[in-house]
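Trainee: Sharing a structure below in structure tokens format, with a few things to ask.
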Amino acid sequence: MSLLQEEREIILSNEYVDTFDFEEVANFVSNASKDLFISYHFARREKMLVQPRGGFPTYAQQYALYEYFVKANVDVLPLTIDSNTRLNDYATAKKMLRLSEENDMDMLNGYPLVTHGYRTTRKMITHFNKPVSLRHGTPDARLLIETAIASGIFEIEGGPITYLLPYSKNFPLDKAFLYWKYVERVCANYSALNEPINRESFGPLTATLVPPSITIVIQLLEMLLSLEEGVKSFSVSFAQQGSMTQDIVTGNVLRKLARYYAGQIGCGDAAINLVYHQWMGAFPNNQDYADQLINLATVIASMVGADKIITKTRQEATGIPTKEANAKAVADTQYCLKILNGLPRVVDEEEEEILTLEVKAIMDAVFNDPADTLWRKVFNSIKNGTIDVPFSPHIINRNEMITIRDAAKNIRIINRGKVPIPDRCFEYERAQCDLSKDTTSIVNDIIHDIGIMQ
Amino acid sequence: MKVITGVVGNDIHVVANRLIDLSLRARGYEVFNLGVNTHLEEFFDAAVETGAEVLMISSLNGEAEGWGREVKLLKSRYRTLDDLLMMIGGNLVVGSGRTEDIVARYKNYGFDIVCHQVDLNTGLDMLAELLQERGLQ
């Protein structure tokens, strides 16, 4: 028995799992409908796929949410996991699910997939016969993704960096890399049985003034960590940044460099997709304005040429959205995409060149780290500040980089910290900003720049 | 002047914490930022370890109310912290309340400066004034 299989048996002989039948699950994946695989839909490239967010505690609520989404002409269904399951606290998830079922009151902020189990959840997934995307935020997702794939969920979001740096203060980053290595291998192995399982990285990170160079570097590194374990379908992603030009430039550079670096490690055969998140920062309270913001994001996603868009709702500012609001966002986004035709092609060569140089310089610094494996190189690079994510709460993050918006609302780096941004690029970035102000006014500008859409 | 800062309890709202850090440095303080999700003991331990003169706690989700009650008792267990200037700011209640009541309550918990929903720079000006009054700056 392989080491991986030994580890899987340990992970799955958990007291909260009702006997995991490896052979039956492999048979299920082998014979599963192609429609359940998002990789199959991506390969046909017929339209930009629309995916909302959403997860409710009980089976009945999740089923009802999916019914609404299907009526709104959804392309990809989400399964958002509750916070207890994300932190591997299955005992609390179980208790809170019972309370939610018995009291008609939501005690969980998502669907406790491990508690429901794959036998139950699979019935719902195969009934709707749409691709489902697993949305979580889990540093140790080993049991969760086993349960997801066994349920018929063939897209797994996340990664060791993007699910840790924005969400945790002190979960050990080295452990996260090893737990995600398991995820990649399991996804790779199942991919040999039918269409590939798609992995997706979480590009929005902290959604707070993250410059495109940092976003792209982290997308590329998580992609490489996934492809080197044998994953054959991967989505890089980023969120609306506040400037249409910067989004278009980011999309172009990310797409080109993803292809380039995949080829460099001999994985040029893997399918690489681009995902765009509608604005992930603070939303306006005014729900009509929120609709405008959602619509604008859809237009930009089209300009970027995204393969999938992930929607927000008009209730974003007020809490967990209702299924009606969620379905409305899907229907509105689909309508907007339908009427968006004959878009102009916009290219800003200077911005693309600067961004490409920045990303390559950081990637070179990561590859030149003396560690023996890629994950260790990346770990060291985060630790020593070669990669620095603005507004990450994690203790390992350097927090020296400072960013601000220029007059056109592009995010610019005004303090590079230890990140090896080449001098020429750094001078260009700073030249776009008014740096004559004192720090107090700059801090006020940053506060304003974060809340730009409110 | 050494300042310890951080967000109290299980609160991980990081944005203001970074801005407080930046602004304090810009005003010439030596900053020890414990970041989000910091418990009271950690604040006091850090004050002892660094010999800081100021402890600046922030809270956004309102759970400071629960922690505030324990400040006096906990602080009394440390022998060297009697002169520590204590400041708290952010959104200091769950729901809403009258600012005068909130400020009075937190002063009673042992804080010298209480900034409930006060602009960052106003709060830092209040700190500078008190330091001057006490002849520390």
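Identifiers in the structure tokens: chain A, B, ... in order shown; residue index from 1 per chain; ligand index from 1 in order shown.
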Identify all chain B residues at most 8 Å from chain A by counting only C-alpha atoms; ligands do not count. Present them as a ChimeraX atom specification.

Mentor: /B:12,14-15,18-19,22-23,26,35-37,121

Trainee: Name all residues at most 12 Å from A:Ser302 (count only C-alpha atoms; drop same-chain ones fewer than 2 positions away) and give them as a PyMOL selection string.

Mentor: chain A and resi 47-50+240+244+247-248+251+274-278+295-300+304-309+333-334+336-346

Trainee: Which residue, B:Ala47, B:Ala128, B:Ala104, B:Val7, has the smallest gap to B:Gly89 when you use only C-alpha atoms?

Mentor: B:Val7

Trainee: Near stretch 66-80 of chain B, within 7 Å and counting only C-alpha atoms, which residues show up once chain neighbours fewer than 5 positions away are dropped, as a ChimeraX atom specification?

Mentor: /B:106,109-110

Trainee: Given only C-alpha atoms as the basis, pick out the residue of B:Glu42, B:Asp83, B:Asp11, B:Asp119 nearest to B:Arg134.

Mentor: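 Checking each of B:Glu42, B:Asp83, B:Asp11, B:Asp119 against B:Arg134, counting only C-alpha atoms, the winner is B:Asp83.
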
Trainee: Please, which residues of stretch 244-333 of chain A, numbered as in this document, come out alpha helix (DSSP H) from DSSP, as a PDB file with N, CA and C atoms, in the first residue's frame?

Mentor:
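Output file out.pdb follows:
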```pdb
ATOM      1  N   MET A 244     -10.465  49.546 -14.112  1.00  0.00           N
ATOM      2  CA  MET A 244     -10.717  48.624 -15.212  1.00  0.00           C
ATOM      3  C   MET A 244      -9.415  48.286 -15.947  1.00  0.00           C
ATOM      4  N   THR A 245      -8.566  49.301 -16.164  1.00  0.00           N
ATOM      5  CA  THR A 245      -7.295  49.048 -16.842  1.00  0.00           C
ATOM      6  C   THR A 245      -6.463  48.032 -16.065  1.00  0.00           C
ATOM      7  N   GLN A 246      -6.356  48.256 -14.757  1.00  0.00           N
ATOM      8  CA  GLN A 246      -5.517  47.350 -13.974  1.00  0.00           C
ATOM      9  C   GLN A 246      -6.059  45.918 -14.004  1.00  0.00           C
ATOM     10  N   ASP A 247      -7.383  45.777 -14.017  1.00  0.00           N
ATOM     11  CA  ASP A 247      -7.964  44.431 -14.098  1.00  0.00           C
ATOM     12  C   ASP A 247      -7.637  43.767 -15.435  1.00  0.00           C
ATOM     13  N   ILE A 248      -7.737  44.522 -16.517  1.00  0.00           N
ATOM     14  CA  ILE A 248      -7.460  43.952 -17.838  1.00  0.00           C
ATOM     15  C   ILE A 248      -5.976  43.562 -17.943  1.00  0.00           C
ATOM     16  N   VAL A 249      -5.113  44.452 -17.464  1.00  0.00           N
ATOM     17  CA  VAL A 249      -3.665  44.179 -17.481  1.00  0.00           C
ATOM     18  C   VAL A 249      -3.364  42.935 -16.631  1.00  0.00           C
ATOM     19  N   THR A 250      -3.960  42.890 -15.437  1.00  0.00           N
ATOM     20  CA  THR A 250      -3.735  41.747 -14.540  1.00  0.00           C
ATOM     21  C   THR A 250      -4.161  40.443 -15.210  1.00  0.00           C
ATOM     22  N   GLY A 251      -5.348  40.459 -15.823  1.00  0.00           N
ATOM     23  CA  GLY A 251      -5.853  39.253 -16.498  1.00  0.00           C
ATOM     24  C   GLY A 251      -4.910  38.789 -17.598  1.00  0.00           C
ATOM     25  N   ASN A 252      -4.448  39.730 -18.414  1.00  0.00           N
ATOM     26  CA  ASN A 252      -3.558  39.360 -19.525  1.00  0.00           C
ATOM     27  C   ASN A 252      -2.244  38.782 -19.025  1.00  0.00           C
ATOM     28  N   VAL A 253      -1.643  39.462 -18.052  1.00  0.00           N
ATOM     29  CA  VAL A 253      -0.334  39.008 -17.552  1.00  0.00           C
ATOM     30  C   VAL A 253      -0.481  37.660 -16.840  1.00  0.00           C
ATOM     31  N   LEU A 254      -1.541  37.531 -16.037  1.00  0.00           N
ATOM     32  CA  LEU A 254      -1.756  36.275 -15.301  1.00  0.00           C
ATOM     33  C   LEU A 254      -1.935  35.106 -16.269  1.00  0.00           C
ATOM     34  N   ARG A 255      -2.740  35.316 -17.314  1.00  0.00           N
ATOM     35  CA  ARG A 255      -3.002  34.246 -18.277  1.00  0.00           C
ATOM     36  C   ARG A 255      -1.702  33.839 -18.992  1.00  0.00           C
ATOM     37  N   LYS A 256      -0.960  34.850 -19.453  1.00  0.00           N
ATOM     38  CA  LYS A 256       0.283  34.560 -20.196  1.00  0.00           C
ATOM     39  C   LYS A 256       1.309  33.853 -19.319  1.00  0.00           C
ATOM     40  N   LEU A 257       1.508  34.378 -18.116  1.00  0.00           N
ATOM     41  CA  LEU A 257       2.555  33.815 -17.263  1.00  0.00           C
ATOM     42  C   LEU A 257       2.162  32.446 -16.701  1.00  0.00           C
ATOM     43  N   ALA A 258       0.873  32.207 -16.510  1.00  0.00           N
ATOM     44  CA  ALA A 258       0.439  30.882 -16.045  1.00  0.00           C
ATOM     45  C   ALA A 258       0.833  29.838 -17.090  1.00  0.00           C
ATOM     46  N   ARG A 259       0.557  30.135 -18.357  1.00  0.00           N
ATOM     47  CA  ARG A 259       0.945  29.235 -19.446  1.00  0.00           C
ATOM     48  C   ARG A 259       2.461  29.031 -19.456  1.00  0.00           C
ATOM     49  N   TYR A 260       3.181  30.175 -19.338  1.00  0.00           N
ATOM     50  CA  TYR A 260       4.644  30.140 -19.419  1.00  0.00           C
ATOM     51  C   TYR A 260       5.234  29.252 -18.312  1.00  0.00           C
ATOM     52  N   TYR A 261       4.840  29.506 -17.054  1.00  0.00           N
ATOM     53  CA  TYR A 261       5.443  28.755 -15.957  1.00  0.00           C
ATOM     54  C   TYR A 261       4.981  27.302 -15.935  1.00  0.00           C
ATOM     55  N   ALA A 262       3.755  27.028 -16.361  1.00  0.00           N
ATOM     56  CA  ALA A 262       3.300  25.630 -16.451  1.00  0.00           C
ATOM     57  C   ALA A 262       4.195  24.887 -17.448  1.00  0.00           C
ATOM     58  N   GLY A 263       4.497  25.544 -18.571  1.00  0.00           N
ATOM     59  CA  GLY A 263       5.380  24.938 -19.574  1.00  0.00           C
ATOM     60  C   GLY A 263       6.771  24.691 -19.019  1.00  0.00           C
ATOM     61  N   GLN A 264       7.251  25.629 -18.193  1.00  0.00           N
ATOM     62  CA  GLN A 264       8.607  25.521 -17.647  1.00  0.00           C
ATOM     63  C   GLN A 264       8.801  24.264 -16.795  1.00  0.00           C
ATOM     64  N   GLN A 287     -28.739  49.038  -1.704  1.00  0.00           N
ATOM     65  CA  GLN A 287     -28.785  47.809  -2.493  1.00  0.00           C
ATOM     66  C   GLN A 287     -28.855  48.074  -3.996  1.00  0.00           C
ATOM     67  N   ASP A 288     -29.393  49.228  -4.370  1.00  0.00           N
ATOM     68  CA  ASP A 288     -29.405  49.569  -5.802  1.00  0.00           C
ATOM     69  C   ASP A 288     -27.987  49.855  -6.291  1.00  0.00           C
ATOM     70  N   TYR A 289     -27.197  50.545  -5.449  1.00  0.00           N
ATOM     71  CA  TYR A 289     -25.794  50.780  -5.805  1.00  0.00           C
ATOM     72  C   TYR A 289     -25.047  49.446  -5.885  1.00  0.00           C
ATOM     73  N   ALA A 290     -25.363  48.555  -4.937  1.00  0.00           N
ATOM     74  CA  ALA A 290     -24.707  47.240  -4.940  1.00  0.00           C
ATOM     75  C   ALA A 290     -24.968  46.526  -6.268  1.00  0.00           C
ATOM     76  N   ASP A 291     -26.207  46.634  -6.779  1.00  0.00           N
ATOM     77  CA  ASP A 291     -26.532  46.033  -8.084  1.00  0.00           C
ATOM     78  C   ASP A 291     -25.672  46.634  -9.194  1.00  0.00           C
ATOM     79  N   GLN A 292     -25.452  47.945  -9.122  1.00  0.00           N
ATOM     80  CA  GLN A 292     -24.618  48.621 -10.126  1.00  0.00           C
ATOM     81  C   GLN A 292     -23.190  48.092 -10.084  1.00  0.00           C
ATOM     82  N   LEU A 293     -22.686  47.926  -8.862  1.00  0.00           N
ATOM     83  CA  LEU A 293     -21.318  47.428  -8.686  1.00  0.00           C
ATOM     84  C   LEU A 293     -21.188  46.015  -9.261  1.00  0.00           C
ATOM     85  N   ILE A 294     -22.194  45.186  -8.993  1.00  0.00           N
ATOM     86  CA  ILE A 294     -22.195  43.810  -9.500  1.00  0.00           C
ATOM     87  C   ILE A 294     -22.215  43.814 -11.031  1.00  0.00           C
ATOM     88  N   ASN A 295     -23.005  44.704 -11.591  1.00  0.00           N
ATOM     89  CA  ASN A 295     -23.107  44.811 -13.041  1.00  0.00           C
ATOM     90  C   ASN A 295     -21.779  45.273 -13.655  1.00  0.00           C
ATOM     91  N   LEU A 296     -21.170  46.288 -13.025  1.00  0.00           N
ATOM     92  CA  LEU A 296     -19.876  46.783 -13.512  1.00  0.00           C
ATOM     93  C   LEU A 296     -18.832  45.661 -13.499  1.00  0.00           C
ATOM     94  N   ALA A 297     -18.835  44.872 -12.420  1.00  0.00           N
ATOM     95  CA  ALA A 297     -17.871  43.773 -12.310  1.00  0.00           C
ATOM     96  C   ALA A 297     -18.054  42.782 -13.454  1.00  0.00           C
ATOM     97  N   THR A 298     -19.317  42.553 -13.837  1.00  0.00           N
ATOM     98  CA  THR A 298     -19.591  41.612 -14.926  1.00  0.00           C
ATOM     99  C   THR A 298     -19.026  42.135 -16.247  1.00  0.00           C
ATOM    100  N   VAL A 299     -19.177  43.447 -16.458  1.00  0.00           N
ATOM    101  CA  VAL A 299     -18.618  44.048 -17.681  1.00  0.00           C
ATOM    102  C   VAL A 299     -17.100  43.883 -17.696  1.00  0.00           C
ATOM    103  N   ILE A 300     -16.467  44.162 -16.555  1.00  0.00           N
ATOM    104  CA  ILE A 300     -15.000  44.052 -16.503  1.00  0.00           C
ATOM    105  C   ILE A 300     -14.559  42.603 -16.717  1.00  0.00           C
ATOM    106  N   ALA A 301     -15.287  41.664 -16.114  1.00  0.00           N
ATOM    107  CA  ALA A 301     -14.946  40.246 -16.307  1.00  0.00           C
ATOM    108  C   ALA A 301     -14.956  39.896 -17.786  1.00  0.00           C
ATOM    109  N   SER A 302     -15.889  40.480 -18.531  1.00  0.00           N
ATOM    110  CA  SER A 302     -15.960  40.232 -19.974  1.00  0.00           C
ATOM    111  C   SER A 302     -14.764  40.851 -20.684  1.00  0.00           C
ATOM    112  N   MET A 303     -14.393  42.059 -20.268  1.00  0.00           N
ATOM    113  CA  MET A 303     -13.224  42.706 -20.858  1.00  0.00           C
ATOM    114  C   MET A 303     -11.955  41.895 -20.569  1.00  0.00           C
ATOM    115  N   VAL A 304     -11.908  41.305 -19.390  1.00  0.00           N
ATOM    116  CA  VAL A 304     -10.758  40.488 -18.983  1.00  0.00           C
ATOM    117  C   VAL A 304     -10.740  39.159 -19.740  1.00  0.00           C
ATOM    118  N   LYS A 323     -31.664  33.380  -0.272  1.00  0.00           N
ATOM    119  CA  LYS A 323     -31.541  32.650  -1.538  1.00  0.00           C
ATOM    120  C   LYS A 323     -32.130  33.461  -2.691  1.00  0.00           C
ATOM    121  N   GLU A 324     -33.116  34.288  -2.378  1.00  0.00           N
ATOM    122  CA  GLU A 324     -33.718  35.118  -3.424  1.00  0.00           C
ATOM    123  C   GLU A 324     -32.710  36.140  -3.957  1.00  0.00           C
ATOM    124  N   ALA A 325     -31.990  36.813  -3.024  1.00  0.00           N
ATOM    125  CA  ALA A 325     -31.003  37.816  -3.439  1.00  0.00           C
ATOM    126  C   ALA A 325     -29.867  37.164  -4.215  1.00  0.00           C
ATOM    127  N   ASN A 326     -29.498  35.983  -3.768  1.00  0.00           N
ATOM    128  CA  ASN A 326     -28.424  35.250  -4.413  1.00  0.00           C
ATOM    129  C   ASN A 326     -28.809  34.852  -5.839  1.00  0.00           C
ATOM    130  N   ALA A 327     -30.043  34.375  -5.987  1.00  0.00           N
ATOM    131  CA  ALA A 327     -30.511  33.959  -7.304  1.00  0.00           C
ATOM    132  C   ALA A 327     -30.646  35.169  -8.233  1.00  0.00           C
ATOM    133  N   LYS A 328     -31.039  36.306  -7.667  1.00  0.00           N
ATOM    134  CA  LYS A 328     -31.167  37.519  -8.478  1.00  0.00           C
ATOM    135  C   LYS A 328     -29.804  37.919  -9.060  1.00  0.00           C
ATOM    136  N   ALA A 329     -28.749  37.812  -8.250  1.00  0.00           N
ATOM    137  CA  ALA A 329     -27.410  38.166  -8.736  1.00  0.00           C
ATOM    138  C   ALA A 329     -27.011  37.282  -9.913  1.00  0.00           C
ATOM    139  N   VAL A 330     -27.370  36.007  -9.831  1.00  0.00           N
ATOM    140  CA  VAL A 330     -27.048  35.078 -10.925  1.00  0.00           C
ATOM    141  C   VAL A 330     -27.818  35.476 -12.188  1.00  0.00           C
ATOM    142  N   ALA A 331     -29.111  35.703 -12.041  1.00  0.00           N
ATOM    143  CA  ALA A 331     -29.941  36.052 -13.202  1.00  0.00           C
ATOM    144  C   ALA A 331     -29.471  37.362 -13.832  1.00  0.00           C
ATOM    145  N   ASP A 332     -29.171  38.359 -12.998  1.00  0.00           N
ATOM    146  CA  ASP A 332     -28.711  39.659 -13.508  1.00  0.00           C
ATOM    147  C   ASP A 332     -27.380  39.515 -14.247  1.00  0.00           C
ATOM    148  N   THR A 333     -26.471  38.732 -13.661  1.00  0.00           N
ATOM    149  CA  THR A 333     -25.164  38.548 -14.286  1.00  0.00           C
ATOM    150  C   THR A 333     -25.315  37.832 -15.632  1.00  0.00           C
TER     151      THR A 333
END
```

Trainee: For A:Gly158, please output as a list in words all residues within 10 Å (counting only C-alpha atoms; exclusion window: fewer than 2 positions along the same chain).

Mentor: Leu134, Arg135, His136, Gly137, Thr138, Pro139, Ala141, Ile156, Pro160, Ile161, Thr162, Tyr163, Leu164, Trp180, Val183, Arg199, Glu200, Ser201, Phe202, Gly203 and Glu222 of chain A

Trainee: What does the distance between atom CA of A:Lys181 and atom CA of A:Ile218 come to in Å, to one decimal place?

Mentor: 15.9 Å

Trainee: Name the residues of chain B that fall into strand (DSSP E or B) according to DSSP on the backbone, using the chain letters and numbers of this document, as a list in words.

Mentor: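 Residues of chain B classed as strand (DSSP E or B): Lys2, Val3, Ile4, Thr5, Gly6, Val7, Val8, Glu30, Val31, Phe32, Asn33, Thr38, Val54, Leu55, Met56, Ile57, Ser58, Ser59, Leu85, Met86, Met87, Ile88, Gly89, Gly90, Ile113, Val114, Cys115 and His116 of chain B.
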
Trainee: Just to confirm, what's the straight-line distance from atom CA of A:Pro212 to atom CA of A:Met363 in Å (one decimal)?

Mentor: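 The value is 13.6 Å.
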
Trainee: Tell me which protein, DNA and RNA residues are within 12 Å of stretch 107-112 of chain A, counting only C-alpha atoms, leaving out same-chain ones fewer than 3 positions away, and put them as number ranges by chain.

Mentor: A: 16, 53-63, 65, 78-104, 115-118, 120-121, 134-137, 144, 147-148, 319-321
